[in-house]
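data.cif (mmCIF, C-alpha atoms and all ligand atoms)
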data_protein
loop_
_atom_site.label_atom_id
_atom_site.label_comp_id
_atom_site.auth_asym_id
_atom_site.auth_seq_id
_atom_site.Cartn_x
_atom_site.Cartn_y
_atom_site.Cartn_z
CA MET A 1071 37.91 13.89 -31.96
CA PRO A 1072 34.38 14.86 -30.92
CA VAL A 1073 33.77 16.71 -27.71
CA GLN A 1074 30.96 15.77 -25.36
CA ILE A 1075 29.24 18.24 -23.07
CA ALA A 1076 28.29 16.43 -19.88
CA LYS A 1077 27.63 16.84 -16.19
CA PRO A 1078 30.93 16.31 -14.35
CA THR A 1079 31.70 13.48 -11.99
CA LEU A 1080 33.71 13.93 -8.81
CA THR A 1081 36.73 12.44 -10.57
CA GLN A 1082 36.77 15.54 -12.80
CA VAL A 1083 36.88 18.09 -9.98
CA GLY A 1084 40.69 18.31 -10.12
CA ALA A 1085 40.61 19.01 -13.86
CA ILE A 1086 37.98 21.74 -13.42
CA LYS A 1087 40.10 23.31 -10.70
CA ALA A 1088 43.21 23.23 -12.87
CA LEU A 1089 41.39 24.94 -15.75
CA LEU A 1090 40.01 27.65 -13.49
CA ASP A 1091 43.32 28.17 -11.69
CA PHE A 1092 45.06 28.67 -15.03
CA PHE A 1093 42.67 31.35 -16.29
CA ALA A 1094 42.28 32.94 -12.86
CA LEU A 1095 45.94 33.94 -13.14
CA GLN A 1096 44.83 36.09 -16.10
CA ASN A 1097 41.87 37.47 -14.10
CA ALA A 1098 39.49 35.91 -16.63
CA VAL A 1099 37.64 33.74 -14.10
CA LEU A 1100 37.59 33.35 -10.34
CA PRO A 1101 39.67 30.59 -8.80
CA ARG A 1102 37.68 27.94 -6.93
CA SER A 1103 38.70 25.59 -4.17
CA VAL A 1104 38.16 21.84 -4.50
CA LEU A 1105 35.55 22.11 -1.75
CA ASP A 1106 33.69 24.86 -3.61
CA ILE A 1107 33.66 22.86 -6.86
CA CYS A 1108 32.48 19.72 -5.04
CA GLU A 1109 29.70 21.64 -3.28
CA LYS A 1110 28.57 23.21 -6.54
CA ILE A 1111 29.26 20.30 -8.87
CA GLN A 1112 25.65 20.13 -9.99
CA MET A 1113 25.84 23.60 -11.51
CA PHE A 1114 28.77 22.68 -13.78
CA TRP A 1115 29.01 21.33 -17.28
CA VAL A 1116 32.26 19.96 -18.67
CA ALA A 1117 33.49 19.50 -22.21
CA VAL A 1118 35.25 16.15 -22.52
CA ARG A 1119 37.43 14.84 -25.31
CA ASN A 1120 39.11 11.43 -25.05
CA ASP A 1121 38.16 11.27 -21.36
CA VAL A 1122 40.01 14.55 -20.77
CA VAL A 1123 38.23 17.66 -19.47
CA VAL A 1124 38.97 20.40 -21.99
CA GLY A 1125 36.40 22.96 -20.88
CA CYS A 1126 33.94 23.87 -18.17
CA VAL A 1127 31.17 26.28 -17.30
CA GLY A 1128 28.88 26.85 -14.32
CA LEU A 1129 25.28 28.02 -14.23
CA GLN A 1130 24.15 29.66 -11.00
CA PHE A 1131 20.53 30.54 -10.23
CA TYR A 1132 19.21 33.46 -8.16
CA PRO A 1133 15.85 34.80 -7.00
CA ASP A 1134 13.66 36.72 -9.42
CA TYR A 1135 14.42 34.33 -12.30
CA PHE A 1136 18.05 35.37 -12.73
CA ALA A 1137 20.81 33.01 -13.78
CA GLU A 1138 24.53 33.62 -14.19
CA ILE A 1139 27.16 32.02 -16.38
CA GLN A 1140 30.27 31.47 -14.29
CA SER A 1141 33.63 29.76 -14.65
CA LEU A 1142 33.67 29.53 -18.45
CA ALA A 1143 37.02 28.17 -19.59
CA VAL A 1144 38.39 26.12 -22.48
CA ASP A 1145 41.88 24.65 -22.45
CA SER A 1146 44.23 26.85 -24.50
CA SER A 1147 45.11 23.99 -26.85
CA CYS A 1148 41.43 23.44 -27.71
CA GLN A 1149 40.20 27.00 -28.19
CA GLY A 1150 38.64 28.17 -31.45
CA GLN A 1151 36.88 24.85 -32.08
CA GLY A 1152 33.41 25.79 -30.89
CA ILE A 1153 33.77 24.26 -27.43
CA GLY A 1154 33.13 27.54 -25.62
CA SER A 1155 30.03 28.06 -27.78
CA SER A 1156 28.73 24.59 -26.94
CA LEU A 1157 29.17 25.32 -23.23
CA VAL A 1158 27.45 28.72 -23.42
CA ASN A 1159 24.60 27.26 -25.49
CA LYS A 1160 24.17 24.50 -22.93
CA CYS A 1161 23.80 27.17 -20.24
CA ILE A 1162 21.23 29.07 -22.31
CA ILE A 1163 19.17 25.90 -22.83
CA ASP A 1164 19.49 24.91 -19.18
CA ALA A 1165 18.62 28.38 -17.89
CA LYS A 1166 15.45 28.36 -20.02
CA LYS A 1167 14.62 24.85 -18.88
CA TYR A 1168 14.73 25.97 -15.25
CA GLY A 1169 12.54 28.97 -16.01
CA ALA A 1170 15.16 31.73 -15.76
CA LYS A 1171 14.22 34.95 -17.53
CA ARG A 1172 17.56 36.74 -17.55
CA LEU A 1173 20.94 35.16 -18.01
CA PHE A 1174 23.88 37.37 -17.11
CA ALA A 1175 27.63 37.19 -16.77
CA LEU A 1176 30.43 39.35 -15.46
CA THR A 1177 33.12 39.07 -18.04
CA ASN A 1178 36.42 40.36 -19.37
CA ILE A 1179 35.31 39.50 -22.93
CA PRO A 1180 31.84 40.98 -23.49
CA ARG A 1181 32.40 40.90 -27.26
CA TYR A 1182 32.68 37.11 -27.20
CA PHE A 1183 29.11 36.92 -25.91
CA GLU A 1184 27.67 39.10 -28.68
CA GLN A 1185 27.39 36.03 -30.96
CA PHE A 1186 24.81 34.65 -28.50
CA GLU A 1187 22.89 37.97 -28.49
CA PHE A 1188 24.07 39.02 -25.03
CA LYS A 1189 24.02 42.80 -24.57
CA LYS A 1190 26.19 44.92 -22.35
CA ILE A 1191 24.30 46.30 -19.34
CA GLU A 1192 25.02 48.54 -16.36
CA LYS A 1193 26.23 46.46 -13.44
CA SER A 1194 23.94 48.52 -11.24
CA SER A 1195 20.90 47.25 -13.17
CA LEU A 1196 21.29 43.82 -11.59
CA PRO A 1197 19.15 43.32 -8.46
CA GLN A 1198 20.50 44.19 -5.03
CA LYS A 1199 20.01 40.63 -3.83
CA ILE A 1200 22.46 39.38 -6.41
CA TRP A 1201 24.89 42.17 -5.59
CA LYS A 1202 24.98 41.07 -1.98
CA GLU A 1203 25.34 37.39 -2.75
CA THR A 1204 27.80 37.41 -5.58
CA ILE A 1205 28.58 40.52 -7.56
CA ASN A 1206 30.37 42.37 -4.79
CA PHE A 1207 32.72 39.42 -4.38
CA GLU A 1208 33.28 38.90 -8.08
CA LEU A 1209 33.91 42.54 -8.81
CA ARG A 1210 36.27 42.89 -5.88
CA GLN A 1211 38.42 40.27 -7.55
CA ASN A 1212 38.03 41.59 -11.11
CA PRO A 1213 36.70 45.16 -10.97
CA GLU A 1214 37.25 45.73 -14.70
CA HIS A 1215 34.77 43.04 -15.75
CA SER A 1216 31.64 44.14 -17.61
CA ALA A 1217 28.10 42.94 -17.06
CA ILE A 1218 26.20 41.42 -19.98
CA ASP A 1219 22.84 39.78 -20.17
CA LEU A 1220 20.47 37.85 -22.37
CA ILE A 1221 16.69 38.08 -22.02
CA LEU A 1222 15.34 34.54 -22.22
CA GLU A 1223 11.63 35.21 -22.57
C1 LIG A 1301 36.36 32.52 -24.02
C2 LIG A 1301 36.58 31.05 -24.30
C3 LIG A 1301 35.79 30.21 -23.30
C4 LIG A 1301 36.07 30.75 -25.72
O1 LIG A 1301 36.18 29.37 -25.93
P1 LIG A 1301 36.43 28.79 -27.39
O2 LIG A 1301 36.18 27.34 -27.34
O3 LIG A 1301 37.74 29.24 -27.90
O4 LIG A 1301 35.28 29.55 -28.19
P2 LIG A 1301 34.60 29.11 -29.55
O5 LIG A 1301 35.54 28.23 -30.33
O6 LIG A 1301 33.26 28.60 -29.28
O7 LIG A 1301 34.41 30.51 -30.24
C5 LIG A 1301 35.46 31.05 -30.90
C6 LIG A 1301 34.97 32.34 -31.49
O8 LIG A 1301 34.89 33.32 -30.45
C7 LIG A 1301 35.72 34.41 -30.77
N1 LIG A 1301 36.44 34.82 -29.56
C8 LIG A 1301 37.26 34.09 -28.80
N2 LIG A 1301 37.74 34.84 -27.79
C9 LIG A 1301 37.22 36.06 -27.95
C10 LIG A 1301 37.33 37.27 -27.26
N3 LIG A 1301 38.16 37.37 -26.21
N4 LIG A 1301 36.62 38.33 -27.68
C11 LIG A 1301 35.83 38.26 -28.77
N5 LIG A 1301 35.68 37.13 -29.48
C12 LIG A 1301 36.37 36.06 -29.07
C13 LIG A 1301 36.73 33.88 -31.76
O9 LIG A 1301 37.16 34.92 -32.60
C14 LIG A 1301 35.93 32.85 -32.52
O10 LIG A 1301 35.18 33.46 -33.53
P3 LIG A 1301 35.10 32.79 -34.99
O11 LIG A 1301 34.50 31.43 -34.77
O12 LIG A 1301 34.26 33.72 -35.78
O13 LIG A 1301 36.52 32.70 -35.44
C15 LIG A 1301 38.08 30.67 -24.24
O14 LIG A 1301 38.78 31.53 -25.12
C16 LIG A 1301 38.67 30.78 -22.86
O15 LIG A 1301 38.63 29.82 -22.09
N6 LIG A 1301 39.26 31.94 -22.52
C17 LIG A 1301 39.92 32.13 -21.24
C18 LIG A 1301 38.94 32.19 -20.08
C19 LIG A 1301 37.91 33.28 -20.27
O16 LIG A 1301 38.17 34.38 -20.73
N7 LIG A 1301 36.69 32.94 -19.89
C20 LIG A 1301 35.53 33.81 -20.05
C21 LIG A 1301 35.08 34.26 -18.72
S1 LIG A 1301 33.47 35.01 -18.86
#
Since I need it in another form, could you write the structure as structure tokens?
Amino acid sequence: MPVQIAKPTLTQVGAIKALLDFFALQNAVLPRSVLDICEKIQMFWVAVRNDVVVGCVGLQFYPDYFAEIQSLAVDSSCQGQGIGSSLVNKCIIDAKKYGAKRLFALTNIPRYFEQFEFKKIEKSSLPQKIWKETINFELRQNPEHSAIDLILE
């Protein structure tokens, strides 16, 4: 069955939370509360098959033309079918559309992102503003994650 990449509705918040909770147990993504997902619903994309959410990703913007891929997850039973790639590609297109110049992620699987031309970078090369707002929190939860980025210009 085909998978559609779409903006989520509020009825899909529970499914996004369940996906993130599952992979947060493996320290792959951060867990999010229902409130957090509702507040940030506009930054998410979901992958939907047969009306079921089988994947999600979030795209967060920062000053100085930075954007971050967050909360990338594909249901275990649907992995290896290109759904993760569709979600990442959607973020790349969206980030460019909004005028971002650098798209980064903090990730446990930097090698996965090589297929999209992301390169590993020093965490310290990301701007202080972003450190204060997000990276400190993310790395406190998952200190082993690497930073990767893609230049969009
Ligand atoms: C990472 C994830 C989103 C990929 O989703 P997916 O739908 O399986 O990915 P795709 O089908 O688009 O891509 C599969 C390809 O990526 C490769 N890949 C998958 N996981 C990988 C990993 N951990 N490291 C390197 N390559 C990986 C596969 O080998 C496959 O390559 P192939 O097509 O040449 O065989 C999914 O495995 C997942 O949800 N993992 C748990 C959560 C997680 O780690 N999130 C990332 C946080 S940044």
*Using only C-alpha atoms, determine which residues lie at most 8 Å from range 1178-1181 of chain A, disregarding the query and same-chain residues fewer than 5 positions distant; provide the list as a list in words.*
Ala1098, Lys1190, Glu1214, His1215, Ser1216, Ala1217 and Ile1218 of chain A
Emit the selected residues as a CSV table (one decimal), in the coordinates of the input, including C-alpha atoms.
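result.csv, freshly written:
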chain,number,residue,atom,x,y,z
A,1098,ALA,CA,39.5,35.9,-16.6
A,1190,LYS,CA,26.2,44.9,-22.4
A,1214,GLU,CA,37.2,45.7,-14.7
A,1215,HIS,CA,34.8,43.0,-15.8
A,1216,SER,CA,31.6,44.1,-17.6
A,1217,ALA,CA,28.1,42.9,-17.1
A,1218,ILE,CA,26.2,41.4,-20.0
Cut-off 9 Å: closest chain A/ligand LIG 1301 (chain A) atom pairs per residue, using all atoms listed in the file, as JSON lines:
{"residue": "A:Leu1089", "atom": "CA", "partner": "A:LIG1301", "partner_atom": "O15", "distance": 8.5}
{"residue": "A:Leu1090", "atom": "CA", "partner": "A:LIG1301", "partner_atom": "C18", "distance": 8.1}
{"residue": "A:Phe1092", "atom": "CA", "partner": "A:LIG1301", "partner_atom": "C18", "distance": 8.7}
{"residue": "A:Phe1093", "atom": "CA", "partner": "A:LIG1301", "partner_atom": "C18", "distance": 5.4}
{"residue": "A:Ala1094", "atom": "CA", "partner": "A:LIG1301", "partner_atom": "C18", "distance": 8.0}
{"residue": "A:Gln1096", "atom": "CA", "partner": "A:LIG1301", "partner_atom": "C18", "distance": 8.1}
{"residue": "A:Asn1097", "atom": "CA", "partner": "A:LIG1301", "partner_atom": "O16", "distance": 8.2}
{"residue": "A:Ala1098", "atom": "CA", "partner": "A:LIG1301", "partner_atom": "O16", "distance": 4.6}
{"residue": "A:Val1099", "atom": "CA", "partner": "A:LIG1301", "partner_atom": "C21", "distance": 5.3}
{"residue": "A:Leu1100", "atom": "CA", "partner": "A:LIG1301", "partner_atom": "C21", "distance": 8.8}
{"residue": "A:Gly1125", "atom": "CA", "partner": "A:LIG1301", "partner_atom": "O15", "distance": 7.3}
{"residue": "A:Cys1126", "atom": "CA", "partner": "A:LIG1301", "partner_atom": "C3", "distance": 8.4}
{"residue": "A:Val1127", "atom": "CA", "partner": "A:LIG1301", "partner_atom": "C3", "distance": 8.5}
{"residue": "A:Ile1139", "atom": "CA", "partner": "A:LIG1301", "partner_atom": "S1", "distance": 7.4}
{"residue": "A:Gln1140", "atom": "CA", "partner": "A:LIG1301", "partner_atom": "S1", "distance": 6.6}
{"residue": "A:Ser1141", "atom": "CA", "partner": "A:LIG1301", "partner_atom": "C21", "distance": 6.2}
{"residue": "A:Leu1142", "atom": "CA", "partner": "A:LIG1301", "partner_atom": "N7", "distance": 4.8}
{"residue": "A:Ala1143", "atom": "CA", "partner": "A:LIG1301", "partner_atom": "O15", "distance": 3.4}
{"residue": "A:Val1144", "atom": "CA", "partner": "A:LIG1301", "partner_atom": "O15", "distance": 3.7}
{"residue": "A:Asp1145", "atom": "CA", "partner": "A:LIG1301", "partner_atom": "O15", "distance": 6.1}
{"residue": "A:Ser1146", "atom": "CA", "partner": "A:LIG1301", "partner_atom": "O15", "distance": 6.8}
{"residue": "A:Cys1148", "atom": "CA", "partner": "A:LIG1301", "partner_atom": "O2", "distance": 6.6}
{"residue": "A:Gln1149", "atom": "CA", "partner": "A:LIG1301", "partner_atom": "O3", "distance": 3.3}
{"residue": "A:Gly1150", "atom": "CA", "partner": "A:LIG1301", "partner_atom": "O5", "distance": 3.3}
{"residue": "A:Gln1151", "atom": "CA", "partner": "A:LIG1301", "partner_atom": "O5", "distance": 4.0}
{"residue": "A:Gly1152", "atom": "CA", "partner": "A:LIG1301", "partner_atom": "O6", "distance": 3.2}
{"residue": "A:Ile1153", "atom": "CA", "partner": "A:LIG1301", "partner_atom": "O2", "distance": 3.9}
{"residue": "A:Gly1154", "atom": "CA", "partner": "A:LIG1301", "partner_atom": "O2", "distance": 3.5}
{"residue": "A:Ser1155", "atom": "CA", "partner": "A:LIG1301", "partner_atom": "O6", "distance": 3.6}
{"residue": "A:Ser1156", "atom": "CA", "partner": "A:LIG1301", "partner_atom": "O6", "distance": 6.5}
{"residue": "A:Leu1157", "atom": "CA", "partner": "A:LIG1301", "partner_atom": "O6", "distance": 8.0}
{"residue": "A:Val1158", "atom": "CA", "partner": "A:LIG1301", "partner_atom": "O6", "distance": 8.3}
{"residue": "A:Ala1175", "atom": "CA", "partner": "A:LIG1301", "partner_atom": "S1", "distance": 6.6}
{"residue": "A:Leu1176", "atom": "CA", "partner": "A:LIG1301", "partner_atom": "S1", "distance": 6.3}
{"residue": "A:Thr1177", "atom": "CA", "partner": "A:LIG1301", "partner_atom": "S1", "distance": 4.2}
{"residue": "A:Asn1178", "atom": "CA", "partner": "A:LIG1301", "partner_atom": "S1", "distance": 6.1}
{"residue": "A:Ile1179", "atom": "CA", "partner": "A:LIG1301", "partner_atom": "N3", "distance": 4.8}
{"residue": "A:Pro1180", "atom": "CA", "partner": "A:LIG1301", "partner_atom": "N4", "distance": 6.9}
{"residue": "A:Arg1181", "atom": "CA", "partner": "A:LIG1301", "partner_atom": "C11", "distance": 4.6}
{"residue": "A:Tyr1182", "atom": "CA", "partner": "A:LIG1301", "partner_atom": "C11", "distance": 3.7}
{"residue": "A:Phe1183", "atom": "CA", "partner": "A:LIG1301", "partner_atom": "C11", "distance": 7.4}
{"residue": "A:Glu1184", "atom": "CA", "partner": "A:LIG1301", "partner_atom": "C11", "distance": 8.2}
{"residue": "A:Gln1185", "atom": "CA", "partner": "A:LIG1301", "partner_atom": "O8", "distance": 8.0}
{"residue": "A:His1215", "atom": "CA", "partner": "A:LIG1301", "partner_atom": "S1", "distance": 8.7}
*Neighbour residues at most 12 Å from (16.5, 25.9, -18.3) (all atoms listed in the file) as a PyMOL selection string*: chain A and resi 1113+1129-1131+1135-1138+1159-1173+1222-1223
*Would you mind reading off the distance between CA of Val1124 in chain A and CA of Leu1209 in chain A, one decimal, in Å?*
26.3 Å
*Neighbours of Glu1203 in chain A within 12 Å (all atoms listed in the file; same-chain residues fewer than 4 positions away dropped), as a list in words?*
Gln1130, Phe1131, Tyr1132, Pro1133, Leu1196, Pro1197, Gln1198, Lys1199, Phe1207, Glu1208 and Leu1209 of chain A
Could the centre and edge lengths of an axis-aligned box, enclosing all atoms of range 1124-1140 of chain A in the file with 4 Å extra on each side, be given in Å to one decimal as lines of an AutoDock Vina configuration file?
center_x = 26.3
center_y = 28.6
center_z = -14.5
size_x = 33.3
size_y = 24.3
size_z = 23.0
*asked:* Please report the interatomic distance between CA of Val1073 in chain A and CA of Arg1102 in chain A in Å with one decimal.
replied: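 Computing it gives 23.9 Å between the two atoms.
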*Excluding same-chain residues fewer than 3 positions from range 1103-1112 of chain A, what lies within 8 Å of it counting only C-alpha atoms, as a ChimeraX atom specification?*
/A:1077-1080,1083-1084,1086-1087
*Write out as a list in words the residues lying within 12 Å of Asn1120 in chain A, counting all atoms listed in the file and excluding same-chain residues fewer than 2 positions away.*
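What passes the distance filter is Met1071, Pro1072, Val1073, Gln1074, Ala1117, Val1118, Val1122, Val1123 and Val1124 of chain A.
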*Measure the distance from CA of Lys1193 in chain A to CA of Ala1088 in chain A in Å and round it to one decimal.*
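CA of Ala1088 in chain A lies 28.8 Å from CA of Lys1193 in chain A.
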